[in-house]
file input.cif (mmCIF, C-alpha atoms)
data_start
#
loop_
_atom_site.label_atom_id
_atom_site.label_comp_id
_atom_site.auth_asym_id
_atom_site.auth_seq_id
_atom_site.Cartn_x
_atom_site.Cartn_y
_atom_site.Cartn_z
CA MET A 1 10.07 -6.11 30.80
CA VAL A 2 6.73 -6.88 29.17
CA ILE A 3 6.02 -6.21 25.50
CA LYS A 4 2.51 -4.78 25.06
CA VAL A 5 0.72 -5.01 21.73
CA PHE A 6 -2.45 -2.90 21.47
CA LEU A 7 -4.95 -4.49 19.07
CA ALA A 8 -8.56 -4.02 17.95
CA SER A 9 -10.23 -7.43 18.13
CA SER A 10 -13.40 -6.30 16.35
CA SER A 11 -11.78 -4.10 13.70
CA GLY A 12 -13.66 -4.05 10.42
CA SER A 13 -10.50 -3.22 8.49
CA THR A 14 -8.86 -6.16 6.73
CA ALA A 15 -5.60 -4.22 6.48
CA ILE A 16 -5.45 -3.60 10.23
CA LYS A 17 -6.25 -7.26 10.95
CA LYS A 18 -3.39 -8.39 8.68
CA LYS A 19 -0.95 -5.99 10.33
CA GLN A 20 -1.98 -7.21 13.77
CA GLN A 21 -1.56 -10.84 12.70
CA ASP A 22 1.83 -10.07 11.21
CA VAL A 23 3.12 -8.53 14.45
CA VAL A 24 1.67 -11.22 16.72
CA GLY A 25 2.77 -14.07 14.45
CA PHE A 26 6.34 -12.79 14.24
CA LEU A 27 6.63 -12.31 18.02
CA GLU A 28 5.31 -15.82 18.62
CA ALA A 29 7.72 -17.29 16.07
CA LEU A 30 10.62 -15.58 17.87
CA LYS A 31 9.22 -16.79 21.23
CA VAL A 32 9.07 -13.24 22.57
CA ASP A 33 6.83 -12.86 25.63
CA TYR A 34 4.13 -10.26 24.99
CA THR A 35 0.66 -9.22 26.16
CA GLN A 36 -2.27 -8.36 23.88
CA LEU A 37 -4.40 -5.41 24.99
CA ASP A 38 -7.74 -4.95 23.22
CA ILE A 39 -8.78 -1.34 22.56
CA ALA A 40 -12.11 -2.29 20.98
CA CYS A 41 -13.67 -3.81 24.11
CA ASN A 42 -11.73 -1.88 26.74
CA GLU A 43 -12.02 1.91 26.86
CA GLU A 44 -9.20 2.17 29.40
CA ASN A 45 -6.78 0.40 27.03
CA ARG A 46 -7.83 2.65 24.15
CA MET A 47 -7.30 5.85 26.13
CA TRP A 48 -3.96 4.66 27.54
CA MET A 49 -2.69 3.83 24.06
CA ARG A 50 -3.73 7.22 22.65
CA GLN A 51 -2.19 9.13 25.55
CA ASN A 52 1.14 7.29 25.47
CA VAL A 53 1.85 7.36 21.74
CA PRO A 54 4.26 10.34 21.33
CA GLU A 55 2.71 13.36 19.63
CA GLU A 56 5.29 13.30 16.83
CA LYS A 57 4.33 9.68 16.07
CA LYS A 58 0.61 10.31 15.79
CA PRO A 59 -1.12 10.77 12.39
CA ALA A 60 -2.44 14.15 11.26
CA ASN A 61 -5.86 13.56 12.86
CA GLY A 62 -4.23 12.67 16.19
CA ILE A 63 -5.76 9.17 16.40
CA PRO A 64 -3.16 6.36 16.29
CA LEU A 65 -4.41 3.10 14.80
CA PRO A 66 -3.51 -0.39 16.02
CA PRO A 67 -1.26 -2.21 16.22
CA GLN A 68 0.84 -0.07 18.57
CA ILE A 69 3.76 -1.66 20.41
CA PHE A 70 5.21 -0.76 23.82
CA ASN A 71 7.91 -2.14 26.12
CA GLU A 72 6.29 -1.60 29.53
CA ASN A 73 5.46 2.14 29.34
CA GLY A 74 8.11 2.89 26.71
CA TYR A 75 6.86 3.37 23.15
CA CYS A 76 8.47 1.09 20.54
CA GLY A 77 6.48 2.03 17.43
CA ASP A 78 3.62 1.21 15.07
CA TYR A 79 3.37 -1.41 12.32
CA GLU A 80 5.42 0.57 9.80
CA THR A 81 8.42 0.96 12.15
CA PHE A 82 8.05 -2.69 13.20
CA PHE A 83 8.10 -3.76 9.55
CA ASP A 84 11.24 -1.70 8.86
CA ALA A 85 12.97 -3.23 11.89
CA LYS A 86 12.03 -6.72 10.73
CA GLU A 87 13.43 -6.07 7.25
CA ASP A 88 16.70 -4.83 8.78
CA ASN A 89 16.94 -7.77 11.25
CA MET A 90 16.65 -5.29 14.12
CA VAL A 91 13.43 -6.45 15.82
CA TYR A 92 15.05 -7.02 19.21
CA ALA A 93 16.56 -3.52 19.16
CA PHE A 94 13.13 -2.17 18.12
CA LEU A 95 11.56 -3.93 21.13
CA GLY A 96 14.33 -2.85 23.49
CA LEU A 97 15.38 -6.46 24.12
CA PRO A 98 18.84 -8.08 23.93
CA PRO A 99 19.17 -10.35 20.88
CA PRO A 100 19.65 -14.08 21.66
CA PRO A 101 23.08 -15.60 20.96
CA GLY A 102 23.37 -16.97 17.45
CA SER A 103 20.65 -14.76 15.96
CA LYS A 104 21.32 -12.58 12.91
CA GLU A 105 20.83 -9.47 15.02
CA ALA A 106 23.42 -10.67 17.55
CA GLU A 107 25.87 -11.38 14.72
CA GLN A 108 25.32 -7.90 13.29
CA ALA A 109 25.90 -6.34 16.71
CA ASP A 110 29.11 -8.37 17.09
CA GLU A 111 30.34 -7.28 13.65
CA ALA A 112 29.59 -3.65 14.50
CA HIS A 113 31.58 -4.06 17.71
CA VAL A 114 34.52 -5.46 15.75
CA VAL A 115 34.46 -2.56 13.29
CA GLU A 116 34.18 0.01 16.07
CA ASN A 117 37.10 -1.37 18.08
CA GLY A 118 39.31 -2.35 15.17
CA THR A 119 40.19 -5.81 16.45
CA HIS A 120 38.15 -8.65 17.88
CA ALA A 121 38.76 -9.69 21.46
CA GLU A 122 39.37 -13.28 20.42
CA GLU A 123 41.95 -12.19 17.83
CA THR A 124 43.71 -10.10 20.48
CA ASN A 125 43.85 -13.04 22.86
CA ALA A 126 45.24 -15.25 20.08
CA GLU A 127 48.06 -12.76 19.48
CA GLU A 128 48.89 -12.54 23.18
CA ASN A 129 48.81 -16.31 23.58
CA PRO A 130 50.16 -17.80 20.34
CA ASP A 131 50.35 -21.29 21.85
CA ASP A 132 46.55 -21.36 22.22
CA SER A 133 46.07 -20.77 18.51
CA ILE A 134 47.92 -23.95 17.44
CA GLU A 135 45.51 -26.25 15.64
CA VAL A 136 44.72 -29.42 17.56
CA PRO A 137 44.52 -32.67 15.55
CA VAL A 138 41.08 -34.15 15.08
CA GLU A 139 42.04 -37.15 17.21
CA GLU A 140 42.61 -34.88 20.22
CA ARG A 141 39.34 -32.92 19.99
CA ASN A 142 37.09 -35.51 21.62
CA GLY A 143 36.70 -33.39 24.76
CA ASP A 144 35.24 -30.31 23.04
CA ASP A 145 31.60 -31.20 23.81
CA GLU A 146 30.84 -27.85 25.43
CA ALA A 147 32.00 -25.90 22.36
CA THR A 148 29.94 -28.14 20.10
CA GLU A 149 26.84 -27.62 22.25
CA GLY A 150 27.32 -23.85 22.13
CA GLU A 151 27.59 -23.91 18.34
CA THR A 152 24.49 -26.09 18.13
CA ALA A 153 22.49 -23.68 20.33
CA GLY A 154 23.57 -20.79 18.14
CA ASP A 155 22.57 -22.65 14.99
CA GLU A 156 19.16 -23.47 16.47
CA ALA A 157 18.52 -19.82 17.39
CA LEU A 158 19.50 -18.75 13.87
CA ALA A 159 17.24 -21.41 12.35
CA GLU A 160 14.29 -20.26 14.49
CA GLU A 161 14.74 -16.67 13.33
CA ASP A 162 14.96 -17.76 9.69
CA GLN A 163 11.78 -19.78 10.15
CA ALA A 164 10.04 -16.77 11.71
CA VAL A 165 10.96 -14.63 8.71
CA GLU A 166 9.75 -17.29 6.28
CA GLU A 167 6.45 -17.73 8.11
CA THR A 168 5.67 -14.04 7.83
CA ASP A 169 6.86 -13.46 4.25
CA GLU A 170 3.46 -14.31 2.79
CA VAL A 171 1.65 -11.90 5.10
CA THR A 172 4.20 -9.19 4.32
CA GLU A 173 3.76 -9.60 0.58
CA ASP A 174 -0.02 -9.41 0.91
CA THR A 175 0.29 -6.25 2.99
CA GLN A 176 2.49 -4.52 0.44
CA ALA A 177 0.35 -5.62 -2.50
CA GLN A 178 -2.78 -4.07 -0.99
CA ALA A 179 -1.38 -0.66 -0.04
CA GLU A 180 -4.22 1.32 -1.57
CA GLU A 181 -6.85 -0.91 -0.03
CA GLU A 182 -5.20 -0.50 3.37
CA GLU A 183 -5.36 3.29 3.17
CA GLU A 184 -9.06 3.22 2.35
CA GLN A 185 -9.81 0.78 5.14
CA GLU A 186 -7.75 2.76 7.63
CA GLU A 187 -9.75 5.86 6.76
CA GLU A 188 -12.94 3.90 7.35
CA GLU A 189 -11.60 2.71 10.69
CA LEU A 190 -10.80 6.27 11.70
CA ARG A 191 -14.28 7.38 10.69
CA GLN A 192 -15.83 4.66 12.84
CA LEU A 193 -13.68 5.60 15.83
CA GLU A 194 -14.61 9.26 15.45
CA GLU A 195 -18.30 8.37 15.19
CA GLN A 196 -18.01 6.35 18.40
CA ASP A 197 -16.46 9.34 20.17
CA GLU A 198 -19.17 11.69 18.84
CA GLN A 199 -21.93 9.27 19.82
CA GLY A 200 -20.50 9.03 23.33
CA SER A 201 -20.43 12.85 23.61
CA GLU A 202 -24.03 13.15 22.38
CA GLU A 203 -25.24 10.56 24.90
CA GLU A 204 -23.54 12.47 27.70
CA GLU A 205 -25.16 15.74 26.59
CA GLU A 206 -28.61 14.12 26.39
CA ALA A 207 -28.15 12.66 29.86
CA GLU A 208 -27.23 16.10 31.24
CA VAL A 209 -30.27 17.74 29.60
CA GLN A 210 -32.62 15.06 30.92
CA GLU A 211 -31.15 15.44 34.38
CA GLU A 212 -31.68 19.22 34.28
CA GLU A 213 -35.30 18.76 33.16
CA GLU A 214 -36.00 16.31 35.96
CA THR A 215 -34.45 18.71 38.46
CA GLU A 216 -36.70 21.54 37.25
#

call {"tool": "encode", "arguments": {"input": "input.cif", "output": "structure tokens"}}
result
Amino acid sequence: MVIKVFLASSSGSTAIKKKQQDVVGFLEALKVDYTQLDIACNEENRMWMRQNVPEEKKPANGIPLPPQIFNENGYCGDYETFFDAKEDNMVYAFLGLPPPPGSKEAEQADEAHVVENGTHAEETNAEENPDDSIEVPVEERNGDDEATEGETAGDEALAEEDQAVEETDEVTEDTQAQAEEEEEQEEEELRQLEEQDEQGSEEEEEAEVQEEEETE
């Protein structure tokens, strides 16, 4: 599974640039493999993105703005849904990926499993095998290296996720603080995209007229 992030490399909107940086920076901090697809320099990428964003997810004018995120051909969401997932520690679920062991999202999923089933599997095993639950003295625990390594790996994964959240906090605060500016810049971006489409249509019409005149 490949995560695809559709971006506009030459966007004139500061708000869009910040959103793109926020998404890319967070994915890199989590060490999630992804591919950037530029819609500004590649018409095929732009058309594919527009065609594959679900109709109910498109804005009123029908033109979705970057960043747009996909898992292969499956639509994940735009920046707003990505931001909500990040706030809820549900980014892996948003991307359609399994959370790594030790991450907050994995812990939440485990807690939800416990609540849904009533009892934890480990607790059930402890009840069935009471001898296994007897505490072993510290002096006899020298052989528990594998357990210690597993705990360490979980702690490292949790620390990486915490660091990713911290690294993107500043960008998130800036994005929220400039909400009005973002709306204005997004409107300007839409206007530019529409002008590009109109210009392309006019050039095609002129080419057809010139061809007809030459034929005559």

call {"tool": "closest_residue", "arguments": {"input": "input.cif", "among": "A:Glu188, A:Gly96, A:Gly25, A:Leu193", "to": "A:Ala40", "atoms": "only C-alpha atoms"}}
result
A:Leu193

call {"tool": "closest_residue", "arguments": {"input": "input.cif", "among": "A:Glu80, A:Phe6, A:Ile16, A:Glu87", "to": "A:Trp48", "atoms": "all atoms listed in the file"}}
result
A:Phe6

call {"tool": "closest_residue", "arguments": {"input": "input.cif", "among": "A:Ala8, A:Val23, A:Met47, A:Ala85", "to": "A:Leu65", "atoms": "only C-alpha atoms"}}
result
A:Ala8

call {"tool": "residues_near_point", "arguments": {"input": "input.cif", "point": "(8.4, -7.8, 27.4)", "cutoff": "7 Å", "atoms": "all atoms listed in the file", "output": "list in words"}}
result
Met1, Val2, Ile3, Asp33, Tyr34, Asn71 and Glu72 of chain A

call {"tool": "atom_distance", "arguments": {"input": "input.cif", "atom1": "atom CA of A:Val32", "atom2": "atom CA of A:Asn52"}}
result
22.2 Å

call {"tool": "closest_residue", "arguments": {"input": "input.cif", "among": "A:Ile69, A:Ala112, A:Thr14, A:Met49", "to": "A:Thr35", "atoms": "all atoms listed in the file"}}
result
A:Ile69

call {"tool": "atom_distance", "arguments": {"input": "input.cif", "atom1": "atom CA of A:Glu55", "atom2": "atom CA of A:Pro98"}}
result
27.2 Å
